[in-house]
Amino acid sequence: MKANCPMPQLDFDIITLGHGSGGLLTSKLLDSGVFNLLENEYLNEKHDGAVFELVGKTAMTTDSFVISPVFFPGGNIGELAVNGTVNDLAMCGAIPKHISLGLILEEGLKMEELWDILLSVRFACEKAGVQVVTGDTKVVEKGKGDKVFINTTGIGQVHENANIHIDRIKVGDKILVSGQIATHGIGIMSVREGLEFETDIESDTTCLNHTVKKLLDQFGENIHLLRDPTRGGLGTVLTEMAQQAGLGMDILQKNIPLDEQVEGACEMLGLDPLYVANEGVFVAIVSDEVHEAALESLKQDENGINAACIGEVTENHKGQVILKSAIGGKRVIHKLPGEQLPRIC
Amino acid sequence: MKYLSEFRDPEAVEKYLNEIHKTVTQPWTIMEVCGGQTHSLVKNGILSLLPDKVRMVHGPGCPVCVTPLNLIDKAVFLAEEKDVIVCTFGDMIRVPGSKKSLLQAKAEGADIRILYSPLEAVKIAKENPDRQVVFFAVGFETTAPANALSVIHAFREKLDNYSILASHVLVPPAMEAVINDEENIIQAFLAAGHVCTIMGLDEYYPIAEQYEIPVVVTGFEPVDLLQGILMTVKQLEAGEAKLENQYARVVKPKGNPAAQNMIQQVFEIADREWRGIGTIPISGYQVKEAFAEYDATRKFSVNIKKAPECADCIAGQVLKGLKKPFECSQFGKACTPQNPLGAPMVSSEGACAAYYHYAGVADAT
């Protein structure tokens, strides 16, 4: 999705090394594109950095985006870069405020493509309610990048009700998942070179901060931990949490939200959806007392329609996540070892 | 999911489990031949549901696991040659060679591509006429038709830059090798459903008859596996030894003649080395003389000395069902899916990786 704003007339249609020189071409690129699209009081200063005031507890995070392909079903690297950092802040219980935008462009990138990416950045910022307050643009020689790499760093103010920490997980807590898993990873794989298959699965990349804020408004300290299971998938994140907390987790496979098409694609590719990357999904560990109300509240949110309670924290099998399969068998969930490799027969 | 959900139905699973529990009166050791079956048994937690008297032993049917060390070294060697693109199925790239895996070679700059179809490799060859494209063609009878088809396509399109590094192995000789091992403990087989989909049932009647051992051709979903196990246990309890087909919805008695025809055009049966087991006579495919120019071993002079296997790895005994993965001193210690010493720890179909993921459940319930 992108904001509607036509590309201005420019006297160049591809990115060249000069656009990263810091000289005239850089100014042209930024003045015509970035500053106009993303303008705000901080960026308009055109200074080396942004100066602003912070009050209270603050969260900060950084993330780099190197996705291939840059344009994928359901989005592009621009919105992904904003949403990724916004969501990391949200998982800290913070209200995202400001982000930085570091662009590493590959020589030869079409200006039209960069424009589309920047439109998506703007759209995602508007949706999330954040501002790009500072940034940087570099250009690398053709072949040294993959069209665009983006780094975003974000700062947010921690919600006054939030008390999110691994130590707060306790036995009996319930594990909620906000939506269908594996959608993003399968959406990307469907357009990877050598793997293309026909499907209408789209990445679910979106900002989760408003959804999280609502949960914190209502349930405050009863939200013990939040994580977004991006790379490594749900299985890896659950295992990390169990190990860090020194507690066990029991998960019910039949409760894990999974789109039928995504499940089918996973079958075909030999992938375990538990280890496929997610974007618009988060895991919330909440106290037993509020879990039903929290789930109901999540289901009312546009990002939580498919939310489900998938299991609970237990004092048994400390540090391990045990999945009860749909047919009643049990297995241990581990962290994803390396890349998830497809089976061959 | 349509066409699958009925074979994952918890009620049907319970029905078959109850029947297995009722039928079994004494301990039996059954080998599921195919790595896909091992994977499904573990993924669905079926091993934790079976009666103690039914002991499942995981067979050699993981093509990644039995691909000889020397061939992996050859693939690495070719990948490191200038102007060569090595294409392979995903599982192969992490299998340790004597010096490095394809994954390491890739990290060091070799052009190695993971594909789902060998025809994709032919496409890459067409697009890169000034480079040699080698497809690392591993697998059982199941992947052989598509690999053969890639050679036929390359031949028709007169491509002189495509070849395959073939490491094709056959299931029936491996089953016989397991039975003939002097330490054999296997009393029945779940034969590999997908292999029989291609090859049919004819090769399996003599095994059941000659060795007086029950053989049940079985599918891969939970209900398939439990039904296959039940059929096997019924035979064992009744003292019978015959071939049965649990997977009849897919496996036809004569298999898939068109696929067999493709295999016969390109491949001929030959002796094959199985990693961890050794050479088994007439147990694999090699590229026929007529297609020699598409055979990477003939096309490139790759003389790589045979390196010894890792001394601590007991993969051979695991693949023959003589030892369980956790009986290995390195299991879960020096050898993990992140740092495999032997191939069965690499593929999700390998018995060691399967056990690694399963380990700990028993004491965690």
# chains A, B, ... in the order shown; residues from 1 in each chain; ligands from 1
call {"tool": "residues_around", "arguments": {"residues": "Asn83 in chain A", "least_positions_apart": "6", "cutoff": "10 Å", "atoms": "only C-alpha atoms", "output": "list in words"}}
result
Ile77, Leu89, Val121, Ala124, Cys125, Lys127, Ala128, Thr152, Thr205, Thr206, Cys207, Leu208, Asn209, Glu279 and Gly280 of chain A
call {"tool": "write_last_selection", "arguments": {"atoms": "N, CA and C atoms", "output": "PDB file, in the first residue's frame"}}
result
ATOM      1  N   ILE A  77      10.160  -2.892   0.769  1.00  0.00           N
ATOM      2  CA  ILE A  77      11.146  -2.732   1.837  1.00  0.00           C
ATOM      3  C   ILE A  77      10.920  -1.445   2.650  1.00  0.00           C
ATOM      4  N   LEU A  89       9.756  -1.380  18.939  1.00  0.00           N
ATOM      5  CA  LEU A  89       9.485  -0.439  20.039  1.00  0.00           C
ATOM      6  C   LEU A  89       8.206  -0.850  20.771  1.00  0.00           C
ATOM      7  N   VAL A 121       7.323   4.384   2.796  1.00  0.00           N
ATOM      8  CA  VAL A 121       7.862   4.835   4.085  1.00  0.00           C
ATOM      9  C   VAL A 121       6.903   5.868   4.677  1.00  0.00           C
ATOM     10  N   ALA A 124       3.622   4.288   5.813  1.00  0.00           N
ATOM     11  CA  ALA A 124       3.783   3.495   7.037  1.00  0.00           C
ATOM     12  C   ALA A 124       3.991   4.400   8.250  1.00  0.00           C
ATOM     13  N   CYS A 125       4.729   5.502   8.053  1.00  0.00           N
ATOM     14  CA  CYS A 125       4.953   6.454   9.154  1.00  0.00           C
ATOM     15  C   CYS A 125       3.630   7.082   9.582  1.00  0.00           C
ATOM     16  N   LYS A 127       0.654   5.876   9.226  1.00  0.00           N
ATOM     17  CA  LYS A 127      -0.196   4.877   9.878  1.00  0.00           C
ATOM     18  C   LYS A 127       0.269   4.619  11.317  1.00  0.00           C
ATOM     19  N   ALA A 128       1.569   4.577  11.480  1.00  0.00           N
ATOM     20  CA  ALA A 128       2.103   4.254  12.807  1.00  0.00           C
ATOM     21  C   ALA A 128       2.147   5.486  13.707  1.00  0.00           C
ATOM     22  N   THR A 152      16.749   1.480   9.977  1.00  0.00           N
ATOM     23  CA  THR A 152      15.941   2.441  10.734  1.00  0.00           C
ATOM     24  C   THR A 152      16.251   2.276  12.216  1.00  0.00           C
ATOM     25  N   THR A 205       2.836  -7.433   6.597  1.00  0.00           N
ATOM     26  CA  THR A 205       3.567  -6.361   7.283  1.00  0.00           C
ATOM     27  C   THR A 205       2.644  -5.188   7.630  1.00  0.00           C
ATOM     28  N   THR A 206       2.689  -4.783   8.863  1.00  0.00           N
ATOM     29  CA  THR A 206       1.889  -3.658   9.337  1.00  0.00           C
ATOM     30  C   THR A 206       2.442  -3.197  10.675  1.00  0.00           C
ATOM     31  N   CYS A 207       2.007  -2.015  11.111  1.00  0.00           N
ATOM     32  CA  CYS A 207       2.460  -1.570  12.428  1.00  0.00           C
ATOM     33  C   CYS A 207       1.532  -2.141  13.501  1.00  0.00           C
ATOM     34  N   LEU A 208       2.130  -2.551  14.584  1.00  0.00           N
ATOM     35  CA  LEU A 208       1.362  -3.189  15.653  1.00  0.00           C
ATOM     36  C   LEU A 208       1.247  -2.281  16.876  1.00  0.00           C
ATOM     37  N   ASN A 209       1.797  -1.065  16.794  1.00  0.00           N
ATOM     38  CA  ASN A 209       1.878  -0.231  18.002  1.00  0.00           C
ATOM     39  C   ASN A 209       0.515   0.169  18.544  1.00  0.00           C
ATOM     40  N   GLU A 279       5.664 -10.938  10.188  1.00  0.00           N
ATOM     41  CA  GLU A 279       5.806  -9.490  10.329  1.00  0.00           C
ATOM     42  C   GLU A 279       4.678  -8.891  11.169  1.00  0.00           C
ATOM     43  N   GLY A 280       3.437  -9.055  10.728  1.00  0.00           N
ATOM     44  CA  GLY A 280       2.336  -8.381  11.417  1.00  0.00           C
ATOM     45  C   GLY A 280       1.733  -9.176  12.561  1.00  0.00           C
TER      46      GLY A 280
END
call {"tool": "residues_around", "arguments": {"residues": "Cys328 in chain B", "least_positions_apart": "6", "cutoff": "10 Å", "atoms": "only C-alpha atoms", "output": "list in words"}}
result
Asp312, Cys313, Ile314, Ala315, Gln317, Val318, Cys335 and Cys352 of chain B
call {"tool": "select_by_dssp", "arguments": {"residues": "range 135-192 of chain A", "states": "strand (DSSP E)", "output": "VMD selection string"}}
result
chain A and resid 135 to 140 148 to 158 174 to 177
call {"tool": "write_last_selection", "arguments": {"atoms": "C-alpha atoms", "output": "PDB file, in the first residue's frame"}}
result
ATOM      1  CA  GLY A 135      18.471  10.143   7.825  1.00  0.00           C
ATOM      2  CA  ASP A 136      21.362   9.284   5.589  1.00  0.00           C
ATOM      3  CA  THR A 137      21.792   8.256   1.958  1.00  0.00           C
ATOM      4  CA  LYS A 138      24.730   6.318   0.566  1.00  0.00           C
ATOM      5  CA  VAL A 139      25.201   4.762  -2.846  1.00  0.00           C
ATOM      6  CA  VAL A 140      27.274   1.633  -3.492  1.00  0.00           C
ATOM      7  CA  VAL A 148      18.147  -0.946  -1.526  1.00  0.00           C
ATOM      8  CA  PHE A 149      19.182  -1.708   2.016  1.00  0.00           C
ATOM      9  CA  ILE A 150      17.543   0.311   4.762  1.00  0.00           C
ATOM     10  CA  ASN A 151      18.437   0.870   8.387  1.00  0.00           C
ATOM     11  CA  THR A 152      15.941   2.441  10.734  1.00  0.00           C
ATOM     12  CA  THR A 153      16.519   3.380  14.344  1.00  0.00           C
ATOM     13  CA  GLY A 154      13.536   4.257  16.482  1.00  0.00           C
ATOM     14  CA  ILE A 155      12.838   5.992  19.748  1.00  0.00           C
ATOM     15  CA  GLY A 156       9.636   5.703  21.722  1.00  0.00           C
ATOM     16  CA  GLN A 157       8.157   6.586  25.042  1.00  0.00           C
ATOM     17  CA  VAL A 158       7.350   3.652  27.292  1.00  0.00           C
ATOM     18  CA  LYS A 174      -1.164 -17.714  28.958  1.00  0.00           C
ATOM     19  CA  ILE A 175       0.489 -17.374  25.553  1.00  0.00           C
ATOM     20  CA  LEU A 176      -1.471 -15.340  23.013  1.00  0.00           C
ATOM     21  CA  VAL A 177      -0.625 -14.992  19.328  1.00  0.00           C
TER      22      VAL A 177
END
call {"tool": "select_by_dssp", "arguments": {"residues": "range 108-341 of chain A", "states": "helix (DSSP H, G or I)", "output": "VMD selection string"}}
result
chain A and resid 111 to 128 166 to 168 183 to 189 209 to 222 233 to 245 253 to 255 260 to 269 273 to 275 288 to 300
call {"tool": "residues_around", "arguments": {"residues": "Ile223 in chain A", "least_positions_apart": "3", "cutoff": "12 Å", "atoms": "only C-alpha atoms", "output": "PDB file with C-alpha atoms, in the first residue's frame"}}
result
ATOM      1  CA  MET A  91       7.243  -4.933  21.928  1.00  0.00           C
ATOM      2  CA  CYS A  92       9.118  -2.907  24.568  1.00  0.00           C
ATOM      3  CA  GLY A  93       5.777  -1.428  25.589  1.00  0.00           C
ATOM      4  CA  HIS A 159       3.631   3.355  28.082  1.00  0.00           C
ATOM      5  CA  ASN A 161       1.159   1.107  32.389  1.00  0.00           C
ATOM      6  CA  ALA A 162       3.828  -1.062  30.811  1.00  0.00           C
ATOM      7  CA  ASN A 163       6.018  -3.370  32.838  1.00  0.00           C
ATOM      8  CA  ILE A 164       7.413  -5.743  30.285  1.00  0.00           C
ATOM      9  CA  HIS A 165      10.329  -7.927  31.203  1.00  0.00           C
ATOM     10  CA  ILE A 166      11.349 -11.544  30.814  1.00  0.00           C
ATOM     11  CA  ARG A 168       7.726 -11.161  34.779  1.00  0.00           C
ATOM     12  CA  ILE A 169       6.706 -14.407  33.053  1.00  0.00           C
ATOM     13  CA  LYS A 170       5.271 -16.774  35.635  1.00  0.00           C
ATOM     14  CA  ASP A 173       0.590 -17.297  32.274  1.00  0.00           C
ATOM     15  CA  LYS A 174      -1.164 -17.714  28.958  1.00  0.00           C
ATOM     16  CA  ILE A 175       0.489 -17.374  25.553  1.00  0.00           C
ATOM     17  CA  LEU A 176      -1.471 -15.340  23.013  1.00  0.00           C
ATOM     18  CA  VAL A 212      -0.274  -3.053  21.636  1.00  0.00           C
ATOM     19  CA  LYS A 213      -1.181   0.337  23.114  1.00  0.00           C
ATOM     20  CA  LYS A 214      -4.811  -0.727  23.436  1.00  0.00           C
ATOM     21  CA  LEU A 215      -3.739  -3.880  25.270  1.00  0.00           C
ATOM     22  CA  LEU A 216      -1.529  -1.878  27.620  1.00  0.00           C
ATOM     23  CA  ASP A 217      -4.265   0.724  28.189  1.00  0.00           C
ATOM     24  CA  GLN A 218      -6.604  -2.001  29.333  1.00  0.00           C
ATOM     25  CA  PHE A 219      -4.422  -4.647  30.921  1.00  0.00           C
ATOM     26  CA  GLY A 220      -1.245  -2.797  31.904  1.00  0.00           C
ATOM     27  CA  LEU A 226       5.653  -9.050  24.187  1.00  0.00           C
ATOM     28  CA  ARG A 227       7.722 -10.330  21.271  1.00  0.00           C
ATOM     29  CA  VAL A 283       3.208 -12.984  20.942  1.00  0.00           C
ATOM     30  CA  ALA A 284       1.884 -11.746  24.276  1.00  0.00           C
ATOM     31  CA  ILE A 285       2.478 -13.557  27.535  1.00  0.00           C
ATOM     32  CA  VAL A 286      -0.335 -12.430  29.818  1.00  0.00           C
ATOM     33  CA  SER A 287      -1.461 -13.300  33.296  1.00  0.00           C
ATOM     34  CA  ASP A 288      -4.035 -16.069  33.546  1.00  0.00           C
ATOM     35  CA  GLU A 289      -6.618 -13.747  35.142  1.00  0.00           C
ATOM     36  CA  VAL A 290      -6.911 -11.442  32.147  1.00  0.00           C
ATOM     37  CA  HIS A 291      -6.140 -13.747  29.273  1.00  0.00           C
ATOM     38  CA  ALA A 293     -10.485 -10.520  28.235  1.00  0.00           C
ATOM     39  CA  ALA A 294      -7.171  -9.707  26.542  1.00  0.00           C
ATOM     40  CA  LEU A 295      -7.912 -12.211  23.782  1.00  0.00           C
TER      41      LEU A 295
END
call {"tool": "residues_around", "arguments": {"residues": "Gln187 in chain B", "least_positions_apart": "6", "cutoff": "9 Å", "atoms": "only C-alpha atoms", "output": "list in words"}}
result
Trp28, Thr29, Ile30, Met31, Ile179, Ile213, Pro214 and Leu236 of chain B
call {"tool": "write_last_selection", "arguments": {"atoms": "N, CA and C atoms", "output": "tab-separated table (two decimals), in the first residue's frame"}}
result
chain	number	residue	atom	x	y	z
B	28	TRP	N	7.73	-55.82	19.10
B	28	TRP	CA	8.07	-55.92	17.67
B	28	TRP	C	8.94	-54.73	17.29
B	29	THR	N	9.87	-55.01	16.39
B	29	THR	CA	10.72	-53.94	15.88
B	29	THR	C	10.43	-53.73	14.40
B	30	ILE	N	9.94	-52.53	14.08
B	30	ILE	CA	9.50	-52.22	12.71
B	30	ILE	C	10.36	-51.07	12.18
B	31	MET	N	10.84	-51.23	10.95
B	31	MET	CA	11.60	-50.13	10.35
B	31	MET	C	10.73	-49.37	9.37
B	179	ILE	N	18.32	-56.39	5.99
B	179	ILE	CA	17.94	-57.74	6.44
B	179	ILE	C	19.17	-58.65	6.52
B	213	ILE	N	9.23	-61.66	5.66
B	213	ILE	CA	9.13	-60.45	6.50
B	213	ILE	C	7.96	-59.60	6.00
B	214	PRO	N	7.10	-59.13	6.90
B	214	PRO	CA	5.99	-58.28	6.44
B	214	PRO	C	6.50	-56.97	5.86
B	236	LEU	N	2.46	-59.49	11.95
B	236	LEU	CA	3.47	-60.04	12.87
B	236	LEU	C	2.80	-60.93	13.92
call {"tool": "atom_distance", "arguments": {"atom1": "CA of Val321 in chain A", "atom2": "CA of Thr239 in chain A"}}
result
5.8 Å
call {"tool": "closest_residue", "arguments": {"among": "A:Glu198, A:Glu260, A:Glu292, A:Glu141", "to": "Asn222 in chain A", "atoms": "only C-alpha atoms"}}
result
A:Glu292
call {"tool": "residues_around", "arguments": {"residues": "His334 in chain A", "least_positions_apart": "3", "cutoff": "10 Å", "atoms": "only C-alpha atoms", "output": "list in words"}}
result
Gly235, Thr236, Val237, Leu238, Thr239, Glu240, Leu274, Tyr275, Gln320, Val321, Ile322, Arg331 and Pro337 of chain A; Tyr356, His357 and Tyr358 of chain B
call {"tool": "write_last_selection", "arguments": {"atoms": "C-alpha atoms", "output": "JSON list (two decimals), in the first residue's frame"}}
result
[["chain", "number", "residue", "atom", "x", "y", "z"],
["A", 235, "GLY", "CA", 9.07, -21.63, 17.31],
["A", 236, "THR", "CA", 12.37, -19.81, 17.79],
["A", 237, "VAL", "CA", 10.85, -16.92, 19.76],
["A", 238, "LEU", "CA", 8.93, -19.22, 22.11],
["A", 239, "THR", "CA", 12.05, -21.27, 22.75],
["A", 240, "GLU", "CA", 14.10, -18.14, 23.44],
["A", 274, "LEU", "CA", 6.68, -22.55, 13.18],
["A", 275, "TYR", "CA", 10.00, -21.45, 11.71],
["A", 320, "GLN", "CA", 11.69, -26.22, 26.83],
["A", 321, "VAL", "CA", 8.70, -25.63, 24.61],
["A", 322, "ILE", "CA", 6.61, -28.75, 24.06],
["A", 331, "ARG", "CA", 7.47, -32.95, 20.40],
["A", 337, "PRO", "CA", 19.13, -24.08, 13.25],
["B", 356, "TYR", "CA", 17.38, -34.33, 18.38],
["B", 357, "HIS", "CA", 14.09, -32.52, 17.93],
["B", 358, "TYR", "CA", 12.19, -35.24, 19.76]]
call {"tool": "residues_around", "arguments": {"residues": "Val95 in chain B", "least_positions_apart": "3", "cutoff": "9 Å", "atoms": "only C-alpha atoms", "output": "list of chain:residue names"}}
result
B:Val64, B:Cys65, B:Leu69, B:Ile72, B:Asp91, B:Met92, B:Lys100, B:Ser101, B:Leu102, B:Leu103, B:Pro340, B:Leu341, B:Gly342, B:Ala343, B:Pro344, B:Met345, B:Val346, B:Ser347
call {"tool": "residues_around", "arguments": {"residues": "Gly75 in chain A", "least_positions_apart": "4", "cutoff": "9 Å", "atoms": "only C-alpha atoms", "output": "mmCIF file with C-alpha atoms, in the first residue's frame"}}
result
data_model
loop_
_atom_site.group_PDB
_atom_site.id
_atom_site.type_symbol
_atom_site.label_atom_id
_atom_site.label_comp_id
_atom_site.auth_asym_id
_atom_site.auth_seq_id
_atom_site.Cartn_x
_atom_site.Cartn_y
_atom_site.Cartn_z
ATOM 1 C CA MET A 1 0.000 0.000 0.000
ATOM 2 C CA LYS A 2 1.262 3.500 -0.657
ATOM 3 C CA VAL A 70 12.632 -5.464 -2.473
ATOM 4 C CA PHE A 71 9.053 -5.411 -3.807
ATOM 5 C CA GLU A 79 7.063 0.032 4.840
ATOM 6 C CA LEU A 80 8.795 -3.052 6.166
ATOM 7 C CA SER A 120 5.603 3.434 1.371
ATOM 8 C CA GLU A 202 0.580 -11.487 0.739
ATOM 9 C CA SER A 203 2.943 -10.327 3.430
ATOM 10 C CA ASP A 204 1.063 -9.121 6.497
ATOM 11 C CA THR A 205 3.567 -6.361 7.283
#
call {"tool": "atom_distance", "arguments": {"atom1": "CA of Leu118 in chain A", "atom2": "CA of Val281 in chain A"}}
result
23.6 Å
call {"tool": "closest_residue", "arguments": {"among": "B:Ala351, B:Arg94, B:Asp271, B:Gln235", "to": "Gln338 in chain B", "atoms": "only C-alpha atoms"}}
result
B:Arg94
call {"tool": "closest_residue", "arguments": {"among": "A:Gly329, A:Gly22, A:Pro73, A:Gly233", "to": "chain B", "atoms": "only C-alpha atoms"}}
result
A:Gly329
call {"tool": "closest_residue", "arguments": {"among": "B:Val122, B:Ala79, B:Leu71, B:Ile164", "to": "chain A", "atoms": "only C-alpha atoms"}}
result
B:Val122
call {"tool": "decode", "arguments": {"residues": "range 229-253 of chain A", "atoms": "N, CA and C atoms", "output": "PDB file, in the first residue's frame"}}
result
ATOM      1  N   PRO A 229       7.612 -12.367  16.503  1.00  0.00           N
ATOM      2  CA  PRO A 229       8.391 -13.505  16.010  1.00  0.00           C
ATOM      3  C   PRO A 229       8.769 -13.334  14.552  1.00  0.00           C
ATOM      4  N   THR A 230       9.672 -12.419  14.263  1.00  0.00           N
ATOM      5  CA  THR A 230      10.046 -12.149  12.868  1.00  0.00           C
ATOM      6  C   THR A 230      10.954 -13.266  12.357  1.00  0.00           C
ATOM      7  N   ARG A 231      12.242 -13.015  12.203  1.00  0.00           N
ATOM      8  CA  ARG A 231      13.104 -14.089  11.712  1.00  0.00           C
ATOM      9  C   ARG A 231      13.109 -15.234  12.714  1.00  0.00           C
ATOM     10  N   GLY A 232      13.219 -16.446  12.227  1.00  0.00           N
ATOM     11  CA  GLY A 232      13.247 -17.594  13.135  1.00  0.00           C
ATOM     12  C   GLY A 232      11.863 -18.106  13.463  1.00  0.00           C
ATOM     13  N   GLY A 233      10.847 -17.250  13.259  1.00  0.00           N
ATOM     14  CA  GLY A 233       9.476 -17.700  13.421  1.00  0.00           C
ATOM     15  C   GLY A 233       9.046 -17.881  14.865  1.00  0.00           C
ATOM     16  N   LEU A 234       7.794 -18.310  14.997  1.00  0.00           N
ATOM     17  CA  LEU A 234       7.183 -18.473  16.315  1.00  0.00           C
ATOM     18  C   LEU A 234       7.952 -19.478  17.180  1.00  0.00           C
ATOM     19  N   GLY A 235       8.376 -20.585  16.554  1.00  0.00           N
ATOM     20  CA  GLY A 235       9.068 -21.632  17.314  1.00  0.00           C
ATOM     21  C   GLY A 235      10.320 -21.112  17.996  1.00  0.00           C
ATOM     22  N   THR A 236      11.106 -20.328  17.249  1.00  0.00           N
ATOM     23  CA  THR A 236      12.368 -19.812  17.789  1.00  0.00           C
ATOM     24  C   THR A 236      12.101 -18.831  18.933  1.00  0.00           C
ATOM     25  N   VAL A 237      11.137 -17.938  18.741  1.00  0.00           N
ATOM     26  CA  VAL A 237      10.848 -16.924  19.761  1.00  0.00           C
ATOM     27  C   VAL A 237      10.329 -17.575  21.052  1.00  0.00           C
ATOM     28  N   LEU A 238       9.449 -18.546  20.912  1.00  0.00           N
ATOM     29  CA  LEU A 238       8.929 -19.215  22.110  1.00  0.00           C
ATOM     30  C   LEU A 238      10.065 -19.902  22.862  1.00  0.00           C
ATOM     31  N   THR A 239      10.946 -20.569  22.112  1.00  0.00           N
ATOM     32  CA  THR A 239      12.053 -21.273  22.750  1.00  0.00           C
ATOM     33  C   THR A 239      12.982 -20.295  23.460  1.00  0.00           C
ATOM     34  N   GLU A 240      13.254 -19.168  22.807  1.00  0.00           N
ATOM     35  CA  GLU A 240      14.099 -18.139  23.437  1.00  0.00           C
ATOM     36  C   GLU A 240      13.487 -17.674  24.754  1.00  0.00           C
ATOM     37  N   MET A 241      12.189 -17.423  24.720  1.00  0.00           N
ATOM     38  CA  MET A 241      11.530 -16.933  25.931  1.00  0.00           C
ATOM     39  C   MET A 241      11.579 -17.986  27.038  1.00  0.00           C
ATOM     40  N   ALA A 242      11.315 -19.249  26.679  1.00  0.00           N
ATOM     41  CA  ALA A 242      11.328 -20.315  27.684  1.00  0.00           C
ATOM     42  C   ALA A 242      12.717 -20.440  28.305  1.00  0.00           C
ATOM     43  N   GLN A 243      13.744 -20.347  27.451  1.00  0.00           N
ATOM     44  CA  GLN A 243      15.113 -20.481  27.954  1.00  0.00           C
ATOM     45  C   GLN A 243      15.506 -19.290  28.828  1.00  0.00           C
ATOM     46  N   GLN A 244      15.152 -18.099  28.373  1.00  0.00           N
ATOM     47  CA  GLN A 244      15.514 -16.910  29.156  1.00  0.00           C
ATOM     48  C   GLN A 244      14.781 -16.882  30.493  1.00  0.00           C
ATOM     49  N   ALA A 245      13.524 -17.315  30.480  1.00  0.00           N
ATOM     50  CA  ALA A 245      12.733 -17.263  31.705  1.00  0.00           C
ATOM     51  C   ALA A 245      13.026 -18.455  32.617  1.00  0.00           C
ATOM     52  N   GLY A 246      13.659 -19.507  32.042  1.00  0.00           N
ATOM     53  CA  GLY A 246      13.907 -20.717  32.830  1.00  0.00           C
ATOM     54  C   GLY A 246      12.616 -21.442  33.191  1.00  0.00           C
ATOM     55  N   LEU A 247      11.600 -21.296  32.334  1.00  0.00           N
ATOM     56  CA  LEU A 247      10.317 -21.975  32.556  1.00  0.00           C
ATOM     57  C   LEU A 247       9.942 -22.770  31.313  1.00  0.00           C
ATOM     58  N   GLY A 248       8.978 -23.665  31.455  1.00  0.00           N
ATOM     59  CA  GLY A 248       8.542 -24.442  30.301  1.00  0.00           C
ATOM     60  C   GLY A 248       7.337 -23.801  29.633  1.00  0.00           C
ATOM     61  N   MET A 249       7.062 -24.235  28.407  1.00  0.00           N
ATOM     62  CA  MET A 249       5.845 -23.782  27.723  1.00  0.00           C
ATOM     63  C   MET A 249       5.176 -24.979  27.068  1.00  0.00           C
ATOM     64  N   ASP A 250       3.859 -25.078  27.231  1.00  0.00           N
ATOM     65  CA  ASP A 250       3.072 -26.106  26.540  1.00  0.00           C
ATOM     66  C   ASP A 250       2.237 -25.414  25.478  1.00  0.00           C
ATOM     67  N   ILE A 251       2.369 -25.885  24.253  1.00  0.00           N
ATOM     68  CA  ILE A 251       1.696 -25.249  23.116  1.00  0.00           C
ATOM     69  C   ILE A 251       0.774 -26.267  22.445  1.00  0.00           C
ATOM     70  N   LEU A 252      -0.389 -25.801  22.046  1.00  0.00           N
ATOM     71  CA  LEU A 252      -1.321 -26.676  21.330  1.00  0.00           C
ATOM     72  C   LEU A 252      -1.302 -26.333  19.846  1.00  0.00           C
ATOM     73  N   GLN A 253      -0.876 -27.297  19.036  1.00  0.00           N
ATOM     74  CA  GLN A 253      -0.772 -27.035  17.599  1.00  0.00           C
ATOM     75  C   GLN A 253      -2.108 -26.605  16.998  1.00  0.00           C
TER      76      GLN A 253
END
